[in-house]
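Trainee: Following this line is entry_30.txt, made up of compact mmCIF, C-alpha atoms:
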# COMPACT_ATOMS: atom_id res chain seq x y z
CA MET C 17 15.77 -11.28 18.33
CA ALA C 18 14.82 -7.80 19.54
CA PRO C 19 12.28 -5.67 17.66
CA ILE C 20 13.52 -2.86 15.44
CA ARG C 21 13.54 0.48 17.30
CA THR C 22 13.20 3.59 15.15
CA GLN C 23 13.82 7.19 16.20
CA TRP C 24 10.71 8.24 14.29
CA THR C 25 7.05 7.30 14.66
CA ARG C 26 5.65 8.34 11.26
CA LEU C 27 7.94 8.78 8.27
CA ILE C 28 7.08 10.63 5.08
CA ARG C 29 9.12 11.17 1.93
CA PHE C 30 8.69 14.43 0.07
CA ILE C 31 10.12 17.20 -2.04
CA ALA C 32 10.74 20.19 0.21
CA ALA C 33 9.67 23.70 -0.77
CA GLU C 34 12.86 25.11 0.74
CA THR C 35 15.31 22.97 -1.26
CA SER C 36 13.38 21.39 -4.18
CA GLN C 37 15.14 18.18 -3.11
CA VAL C 38 13.81 14.86 -1.83
CA HIS C 39 13.86 14.47 1.96
CA ILE C 40 12.39 12.20 4.60
CA GLY C 41 10.82 13.55 7.74
CA GLU C 42 8.45 13.17 10.68
CA PRO C 43 5.25 15.25 10.40
CA VAL C 44 5.26 18.08 12.95
CA ASP C 45 1.58 17.47 13.69
CA PRO C 46 1.38 13.89 15.03
CA LYS C 47 -2.36 13.67 14.34
CA LEU C 48 -2.40 15.11 10.83
CA ASP C 49 -3.71 12.86 8.06
CA VAL C 50 -0.84 13.73 5.75
CA GLY C 51 -2.39 12.13 2.69
CA LEU C 52 -5.61 14.12 2.98
CA ALA C 53 -3.70 17.29 3.75
CA ALA C 54 -1.53 16.87 0.66
CA TRP C 55 -4.56 16.24 -1.55
CA ASN C 56 -6.30 19.32 -0.13
CA LYS C 57 -3.13 21.40 -0.63
CA GLN C 58 -2.85 22.19 3.08
CA THR C 59 0.52 23.24 4.47
CA ILE C 60 2.43 20.22 5.80
CA THR C 61 5.61 20.64 7.83
CA ALA C 62 8.00 17.91 8.90
CA TYR C 63 11.09 17.54 11.05
CA GLU C 64 13.86 16.44 8.71
CA ILE C 65 15.17 12.92 9.26
CA VAL C 66 18.88 12.46 8.53
CA GLY C 67 19.69 9.04 7.14
CA SER C 68 17.85 6.38 5.21
CA ALA C 69 14.25 5.34 5.72
CA LEU C 70 15.51 1.77 6.02
CA ASP C 71 18.09 2.63 8.71
CA PRO C 72 16.55 2.44 12.20
CA ALA C 73 19.33 4.71 13.45
CA ALA C 74 18.20 7.58 11.19
CA GLN C 75 17.83 10.66 13.39
CA VAL C 76 14.93 13.10 13.64
CA THR C 77 16.35 16.64 13.69
CA ASN C 78 14.93 20.01 14.71
CA THR C 79 15.09 21.27 11.12
CA VAL C 80 11.57 21.97 9.87
CA LEU C 81 10.83 21.62 6.17
CA THR C 82 7.66 22.33 4.18
CA VAL C 83 6.22 19.61 1.96
CA LYS C 84 5.99 20.73 -1.66
CA GLU C 85 5.12 17.29 -3.04
CA LEU C 86 4.33 14.15 -1.06
CA LEU C 87 5.94 10.97 -2.38
CA ALA C 88 5.67 7.27 -1.60
CA PRO C 89 7.47 6.59 1.71
CA LEU C 90 10.02 4.40 -0.10
CA SER C 91 11.46 5.07 -3.53
CA ARG C 92 11.46 2.38 -6.21
CA GLU C 93 15.23 2.16 -5.68
CA GLU C 94 14.78 1.41 -1.96
CA ILE C 95 12.13 -1.26 -2.50
CA LYS C 96 13.80 -4.64 -2.93
CA ILE C 97 10.75 -6.66 -3.94
CA VAL C 98 6.96 -6.40 -3.89
CA ARG C 99 5.29 -9.58 -2.66
CA CYS C 100 1.53 -9.87 -2.31
CA LEU C 101 -1.10 -12.10 -0.76
CA GLY C 102 -4.36 -12.84 -2.50
CA LEU C 103 -7.62 -13.96 -0.90
CA ASN C 104 -6.43 -13.27 2.66
CA TYR C 105 -9.65 -12.02 4.32
CA SER C 106 -12.43 -14.39 5.29
CA ASP C 107 -15.15 -11.93 4.24
CA HIS C 108 -13.50 -11.39 0.85
CA ALA C 109 -13.34 -15.16 0.28
CA ALA C 110 -17.03 -15.36 1.13
CA GLU C 111 -18.07 -12.62 -1.29
CA THR C 112 -16.13 -14.26 -4.12
CA LYS C 113 -17.55 -17.69 -3.19
CA LEU C 114 -14.07 -19.19 -2.94
CA ALA C 115 -12.80 -21.65 -0.35
CA LEU C 116 -10.38 -20.42 2.30
CA PRO C 117 -6.84 -21.12 1.09
CA ALA C 118 -4.80 -23.76 2.92
CA ALA C 119 -1.64 -21.71 2.38
CA PRO C 120 -1.04 -18.10 1.34
CA ILE C 121 -1.77 -17.32 -2.32
CA LEU C 122 1.25 -15.37 -3.52
CA PHE C 123 2.18 -13.16 -6.44
CA TYR C 124 4.70 -10.44 -7.26
CA LYS C 125 4.46 -6.93 -8.65
CA PRO C 126 7.12 -5.13 -10.69
CA LEU C 127 8.62 -2.01 -9.14
CA ALA C 128 7.33 0.03 -12.09
CA SER C 129 3.80 -0.50 -10.79
CA VAL C 130 4.46 1.54 -7.61
CA ILE C 131 3.29 5.16 -7.39
CA GLY C 132 2.86 7.60 -4.53
CA PRO C 133 0.08 9.70 -3.04
CA ASN C 134 -1.82 11.98 -5.46
CA ALA C 135 -0.24 10.33 -8.51
CA PRO C 136 -2.77 9.16 -11.11
CA ILE C 137 -3.63 5.48 -11.37
CA SER C 138 -3.09 4.64 -15.04
CA VAL C 139 -5.56 2.34 -16.77
CA PRO C 140 -3.65 1.14 -19.84
CA LYS C 141 -5.25 0.62 -23.21
CA VAL C 142 -4.78 -3.14 -22.82
CA ALA C 143 -7.24 -2.94 -19.89
CA GLN C 144 -9.88 -0.89 -21.71
CA PRO C 145 -12.84 -0.65 -22.00
CA VAL C 146 -13.10 -0.69 -18.21
CA ASP C 147 -16.57 -2.27 -18.11
CA GLU C 148 -15.17 -5.29 -19.93
CA HIS C 149 -11.84 -5.49 -18.12
CA LEU C 150 -13.25 -4.69 -14.64
CA SER C 151 -10.64 -2.29 -13.26
CA ASP C 152 -10.88 -2.67 -9.49
CA TYR C 153 -9.66 -1.23 -6.15
CA GLU C 154 -8.25 -3.11 -3.13
CA VAL C 155 -7.21 -1.46 0.15
CA GLU C 156 -4.29 -3.37 1.70
CA LEU C 157 -2.12 -3.16 4.80
CA THR C 158 1.49 -3.26 3.64
CA ILE C 159 4.44 -4.59 5.63
CA VAL C 160 7.92 -3.08 5.22
CA ILE C 161 10.74 -5.41 6.23
CA GLY C 162 13.54 -3.66 8.14
CA LYS C 163 16.21 -6.32 8.60
CA THR C 164 17.25 -9.46 6.79
CA ALA C 165 14.82 -12.28 7.52
CA LYS C 166 15.21 -15.94 6.65
CA ASN C 167 13.56 -18.96 8.25
CA VAL C 168 12.05 -16.85 11.02
CA SER C 169 9.44 -18.18 13.41
CA GLU C 170 5.96 -16.73 13.87
CA ALA C 171 6.96 -15.77 17.41
CA GLU C 172 9.83 -13.60 16.14
CA ALA C 173 8.31 -12.46 12.84
CA LEU C 174 7.31 -8.95 13.96
CA ASP C 175 10.91 -8.29 15.10
CA TYR C 176 11.84 -8.01 11.42
CA VAL C 177 9.16 -5.45 10.54
CA LEU C 178 10.27 -1.83 10.19
CA GLY C 179 6.76 -0.48 9.84
CA TYR C 180 3.48 -0.43 7.99
CA THR C 181 1.89 1.62 5.24
CA ALA C 182 -1.12 1.41 2.92
CA ALA C 183 -1.48 0.28 -0.67
CA ASN C 184 -4.20 0.13 -3.29
CA ASP C 185 -3.76 -3.15 -5.15
CA VAL C 186 -5.46 -1.98 -8.35
CA SER C 187 -6.49 -5.04 -10.34
CA PHE C 188 -7.82 -5.78 -13.81
CA ARG C 189 -10.11 -8.76 -13.42
CA LYS C 190 -10.49 -9.89 -17.03
CA HIS C 191 -6.74 -10.42 -17.28
CA GLN C 192 -6.66 -11.88 -13.77
CA PHE C 193 -9.25 -14.58 -14.32
CA VAL C 194 -7.89 -16.01 -17.57
CA THR C 195 -4.87 -17.43 -15.72
CA SER C 196 -3.88 -18.74 -12.30
CA GLN C 197 -0.95 -16.31 -12.20
CA TRP C 198 -1.99 -12.83 -11.03
CA GLY C 199 1.25 -10.88 -11.47
CA PHE C 200 0.40 -9.61 -14.95
CA SER C 201 -3.11 -8.39 -14.17
CA LYS C 202 -1.98 -6.61 -11.00
CA GLY C 203 1.38 -5.33 -12.19
CA PHE C 204 0.83 -2.76 -14.95
CA ASP C 205 2.96 0.38 -14.79
CA ASN C 206 1.80 3.12 -12.41
CA THR C 207 -1.13 1.20 -10.94
CA ASN C 208 -0.13 0.50 -7.33
CA PRO C 209 -0.38 3.50 -4.97
CA LEU C 210 1.73 3.26 -1.79
CA GLY C 211 1.69 5.55 1.26
CA PRO C 212 1.12 8.13 2.57
CA CYS C 213 3.00 7.47 5.85
CA LEU C 214 5.26 4.69 6.99
CA VAL C 215 4.32 4.09 10.63
CA SER C 216 6.95 2.49 12.84
CA ASN C 217 6.32 -0.99 14.20
CA ASN C 218 6.86 0.61 17.63
CA ALA C 219 3.58 2.52 17.15
CA ILE C 220 1.65 -0.51 15.87
CA PRO C 221 2.40 -3.35 18.29
CA ASP C 222 -0.57 -5.36 17.01
CA PRO C 223 -1.06 -5.23 13.22
CA GLN C 224 -4.23 -7.32 13.62
CA ALA C 225 -5.97 -4.36 15.29
CA LEU C 226 -6.26 -1.99 12.33
CA PRO C 227 -9.39 -0.73 10.56
CA LEU C 228 -9.09 -0.12 6.82
CA THR C 229 -11.43 1.39 4.25
CA CYS C 230 -11.70 2.30 0.60
CA THR C 231 -13.91 5.07 -0.75
CA LEU C 232 -14.71 5.66 -4.40
CA ASN C 233 -16.00 9.11 -5.34
CA GLY C 234 -16.96 9.72 -1.73
CA LYS C 235 -18.81 6.42 -1.21
CA THR C 236 -17.38 3.82 1.16
CA VAL C 237 -16.98 0.59 -0.78
CA GLN C 238 -14.74 -1.35 1.64
CA ASN C 239 -14.90 -1.22 5.44
CA GLY C 240 -12.74 -3.95 6.92
CA HIS C 241 -10.45 -4.88 9.78
CA THR C 242 -7.14 -6.73 9.84
CA ARG C 243 -8.45 -9.10 12.53
CA ASP C 244 -10.28 -10.83 9.65
CA GLN C 245 -7.07 -11.81 7.88
CA ILE C 246 -6.80 -15.54 7.23
CA PHE C 247 -3.02 -15.41 7.57
CA THR C 248 -1.84 -12.86 10.12
CA VAL C 249 1.14 -10.58 9.65
CA ARG C 250 3.20 -12.90 11.87
CA GLN C 251 2.21 -15.93 9.81
CA THR C 252 2.82 -14.12 6.54
CA VAL C 253 6.35 -12.94 7.39
CA ALA C 254 7.28 -16.35 8.78
CA PHE C 255 5.90 -18.19 5.75
CA LEU C 256 7.53 -15.94 3.17
CA SER C 257 10.90 -16.20 4.92
CA GLN C 258 11.06 -19.99 4.74
CA ALA C 259 14.13 -20.87 2.64
CA THR C 260 13.85 -17.33 1.20
CA THR C 261 15.72 -14.19 2.22
CA LEU C 262 13.57 -11.12 2.78
CA GLU C 263 15.90 -8.14 2.47
CA PRO C 264 15.36 -4.77 4.15
CA GLY C 265 13.08 -2.81 1.83
CA SER C 266 10.98 -5.84 0.90
CA ILE C 267 7.32 -4.88 1.00
CA ILE C 268 4.41 -7.26 1.44
CA LEU C 269 0.80 -6.44 0.54
CA THR C 270 -1.39 -8.51 2.86
CA GLY C 271 -4.68 -8.84 0.99
CA THR C 272 -7.98 -6.97 0.92
CA PRO C 273 -11.29 -7.19 2.80
CA ALA C 274 -14.77 -7.55 1.28
CA GLY C 275 -16.34 -4.94 -0.95
CA VAL C 276 -14.31 -5.20 -4.14
CA GLY C 277 -15.96 -3.93 -7.29
CA PHE C 278 -16.16 -7.05 -9.43
CA ALA C 279 -18.07 -8.94 -6.71
CA ARG C 280 -20.86 -6.33 -6.65
CA LYS C 281 -24.08 -6.56 -8.63
CA PRO C 282 -23.81 -4.65 -10.88
CA ALA C 283 -20.02 -4.53 -10.90
CA VAL C 284 -18.29 -1.30 -9.87
CA VAL C 285 -15.21 -0.35 -11.90
CA LEU C 286 -12.57 2.36 -11.78
CA ARG C 287 -13.21 4.96 -14.49
CA HIS C 288 -11.46 7.98 -15.92
CA GLY C 289 -11.73 10.87 -13.46
CA ASP C 290 -12.63 8.74 -10.43
CA ASP C 291 -11.35 9.67 -6.96
CA CYS C 292 -10.18 6.54 -5.11
CA ARG C 293 -9.03 6.70 -1.48
CA VAL C 294 -7.75 3.99 0.81
CA TRP C 295 -7.36 4.62 4.54
CA ILE C 296 -5.76 2.66 7.38
CA GLY C 297 -5.84 3.63 11.05
CA SER C 298 -3.08 4.16 13.65
CA GLY C 299 -1.60 7.12 11.78
CA ILE C 300 -1.07 5.58 8.36
CA GLY C 301 -3.80 7.81 6.96
CA THR C 302 -5.45 8.34 3.59
CA LEU C 303 -3.88 7.50 0.23
CA VAL C 304 -5.66 9.51 -2.46
CA ASN C 305 -5.34 8.88 -6.19
CA SER C 306 -7.31 9.84 -9.27
CA VAL C 307 -7.91 7.46 -12.16
CA VAL C 308 -6.76 8.20 -15.70
CA GLU C 309 -7.56 5.97 -18.65
CA GLU C 310 -4.63 6.00 -21.08
CA GLY C 311 -5.43 8.18 -24.10
CA LYS C 312 -8.27 10.14 -22.52
CA ARG C 313 -6.19 12.81 -20.85
CA ALA C 314 -4.65 13.90 -24.14
CA ALA C 315 -8.07 13.87 -25.77
CA LYS C 316 -9.37 16.44 -23.29
CA LEU C 317 -6.60 18.99 -23.91
Do you think you could lay out the structure here as structure tokens?

Mentor:
Amino acid sequence: MAPIRTQWTRLIRFIAAETSQVHIGEPVDPKLDVGLAAWNKQTITAYEIVGSALDPAAQVTNTVLTVKELLAPLSREEIKIVRCLGLNYSDHAAETKLALPAAPILFYKPLASVIGPNAPISVPKVAQPVDEHLSDYEVELTIVIGKTAKNVSEAEALDYVLGYTAANDVSFRKHQFVTSQWGFSKGFDNTNPLGPCLVSNNAIPDPQALPLTCTLNGKTVQNGHTRDQIFTVRQTVAFLSQATTLEPGSIILTGTPAGVGFARKPAVVLRHGDDCRVWIGSGIGTLVNSVVEEGKRAAKL
């Protein structure tokens, strides 16, 4: 099986100033951190891509568009499923004093949890007060599957990957720890930022060579590296495809490194008005989101 070959290196999805319509494109500046630029309201231009983000044959054109609003690289309609790994970094297992898992710990998220860059992370009333419910951040490398995968080997697993992006697996620990099933506590509406760029697998030949960080209100709280994953991207794709079809548009969150808030003494939680940023290298960039506790925004008007 040959690897997927895209015509683009970094793909963004956005509303264009020129058309007020949703487009996909390749940033004109190959080194621009698009997520930071969007947050700082800098001008971002992109070469329009004609076709679907999930179609490797989509063509990069010479038409230049201006980003009015940066969106998640895939729409909720394009995402087929959101699968996630828990406890997949050795340093994270150590900080939580848990044994290394013998097999991947898996859970799902509903599509309604996914939001894009700059969109507010919503802390629902069922997860308030935050000091009790321990609202938490988790920077995660995210795999986007580009062609149908079933029963694939580790050796061929990366051939099915379209590209990689970042996610913030926002979690609510009180709900998480009362059950062995994590989907509820990590799946509330509008709590899972995704983006800012989808970087082609062609530009990231080794997904185990990526630094990743999370900063909260300007302070670095996670500073990890994908080489510390317990189950590599190859192992994860191969495992999840056993007897199970992974369709194009399936996304897989691959776990978080050490530094999560609930493991700190005292615990660090996400609060109303916080600025939370996750960053991954190799052109993926910075995913910036504010935190809004349900009910507080209206109270301030």

Trainee: Excluding stretch 234-239 of chain C and its own-chain neighbours fewer than 5 positions away, which residues fall within 9 Å of it when counting only C-alpha atoms? Please give them as a list in words.

Mentor: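 The contact residues come out as Glu154, Val155, Pro227, Leu228, Thr229, Thr272, Pro273, Ala274, Gly275, Val276, Gly277, Asp291, Cys292, Arg293 and Val294 of chain C.
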
Trainee: For each of C:Gln23, C:Ser106, C:Ser36, C:Thr207, take the minimum atom-to-atom distance to C:Ser68, counting only C-alpha atoms, then give the residue where this is smallest.

Mentor: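 Between C:Gln23, C:Ser106, C:Ser36, C:Thr207, the residue approaching C:Ser68 most closely is C:Gln23.
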
Trainee: Counting all atoms listed in the file, figure out which residue out of C:Leu174, C:Ile28, C:Val186, C:Val146 gets nearest to C:Gly203.

Mentor: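 Ranking C:Leu174, C:Ile28, C:Val186, C:Val146 by distance to C:Gly203, first place goes to C:Val186.
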
Trainee: Which residue gives the smallest distance to C:Gly102 among C:Lys202, C:Arg287, C:Lys47, C:Lys141, with only C-alpha atoms counted?

Mentor: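 The closest residue to C:Gly102 is C:Lys202.
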
Trainee: Please compute the atom CA of C:Val168-atom CA of C:Val98 distance, one decimal, in Å.

Mentor: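 Calculated distance between atom CA of C:Val168 and atom CA of C:Val98 is 18.9 Å.
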
Trainee: Between C:Thr252, C:Asn104, C:Thr35, C:Ser151, which one has atoms that come closest to C:Val80, using only C-alpha atoms?

Mentor: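 Using only C-alpha atoms, C:Val80 sits closest to C:Thr35.
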
Trainee: Could you tell me which of C:Ile20, C:Val253, C:Leu214, C:Val284 comes closest to C:Val50 if we count all atoms listed in the file?

Mentor: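 Answer, going by the shortest atom-to-atom distance: C:Leu214.
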
Trainee: Which one of C:Thr22, C:Gln37, C:Thr59, C:Asn167 sits closest to C:Ala73 if you count only C-alpha atoms?

Mentor: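 Using only C-alpha atoms, C:Ala73 sits closest to C:Thr22.
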
Trainee: If we draw a sphere of 10 Å around (12.6, -9.5, 17.5), which residues have at least one atom in it when counting all atoms listed in the file? Please report them as a short mmCIF file (atom, residue, chain, number, x, y, z; two decimals) with C-alpha atoms, keeping the file's coordinate frame.

Mentor:
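The result, written out as part_3.cif:
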data_model
loop_
_atom_site.label_atom_id
_atom_site.label_comp_id
_atom_site.auth_asym_id
_atom_site.auth_seq_id
_atom_site.Cartn_x
_atom_site.Cartn_y
_atom_site.Cartn_z
CA MET C 17 15.77 -11.28 18.33
CA ALA C 18 14.82 -7.80 19.54
CA PRO C 19 12.28 -5.67 17.66
CA ILE C 20 13.52 -2.86 15.44
CA VAL C 168 12.05 -16.85 11.02
CA ALA C 171 6.96 -15.77 17.41
CA GLU C 172 9.83 -13.60 16.14
CA ALA C 173 8.31 -12.46 12.84
CA LEU C 174 7.31 -8.95 13.96
CA ASP C 175 10.91 -8.29 15.10
CA TYR C 176 11.84 -8.01 11.42
CA VAL C 177 9.16 -5.45 10.54
#

Trainee: May I ask for the distance between atom CA of C:Ile97 and atom CA of C:Leu256, given in Å to one decimal place?

Mentor: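 Between these atoms lies a distance of 12.1 Å.
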
Trainee: Tell me, in Å to one decimal, how far atom CA of C:Pro117 is from atom CA of C:Tyr180.

Mentor: 24.1 Å

Trainee: Considering only C-alpha atoms, return as a PDB file with C-alpha atoms, in the frame of the given file whatever protein or nucleic-acid residues lie within 8 Å of C:Arg26, sequence-local ones (same chain, fewer than 3 positions apart) excluded.

Mentor:
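File result_10.pdb, as written:
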ATOM      1  CA  GLU C  42       8.450  13.170  10.680  1.00  0.00           C
ATOM      2  CA  PRO C  43       5.250  15.250  10.400  1.00  0.00           C
ATOM      3  CA  PRO C  46       1.380  13.890  15.030  1.00  0.00           C
ATOM      4  CA  CYS C 213       3.000   7.470   5.850  1.00  0.00           C
ATOM      5  CA  LEU C 214       5.260   4.690   6.990  1.00  0.00           C
ATOM      6  CA  VAL C 215       4.320   4.090  10.630  1.00  0.00           C
ATOM      7  CA  SER C 216       6.950   2.490  12.840  1.00  0.00           C
ATOM      8  CA  GLY C 299      -1.600   7.120  11.780  1.00  0.00           C
ATOM      9  CA  ILE C 300      -1.070   5.580   8.360  1.00  0.00           C
TER      10      ILE C 300
END
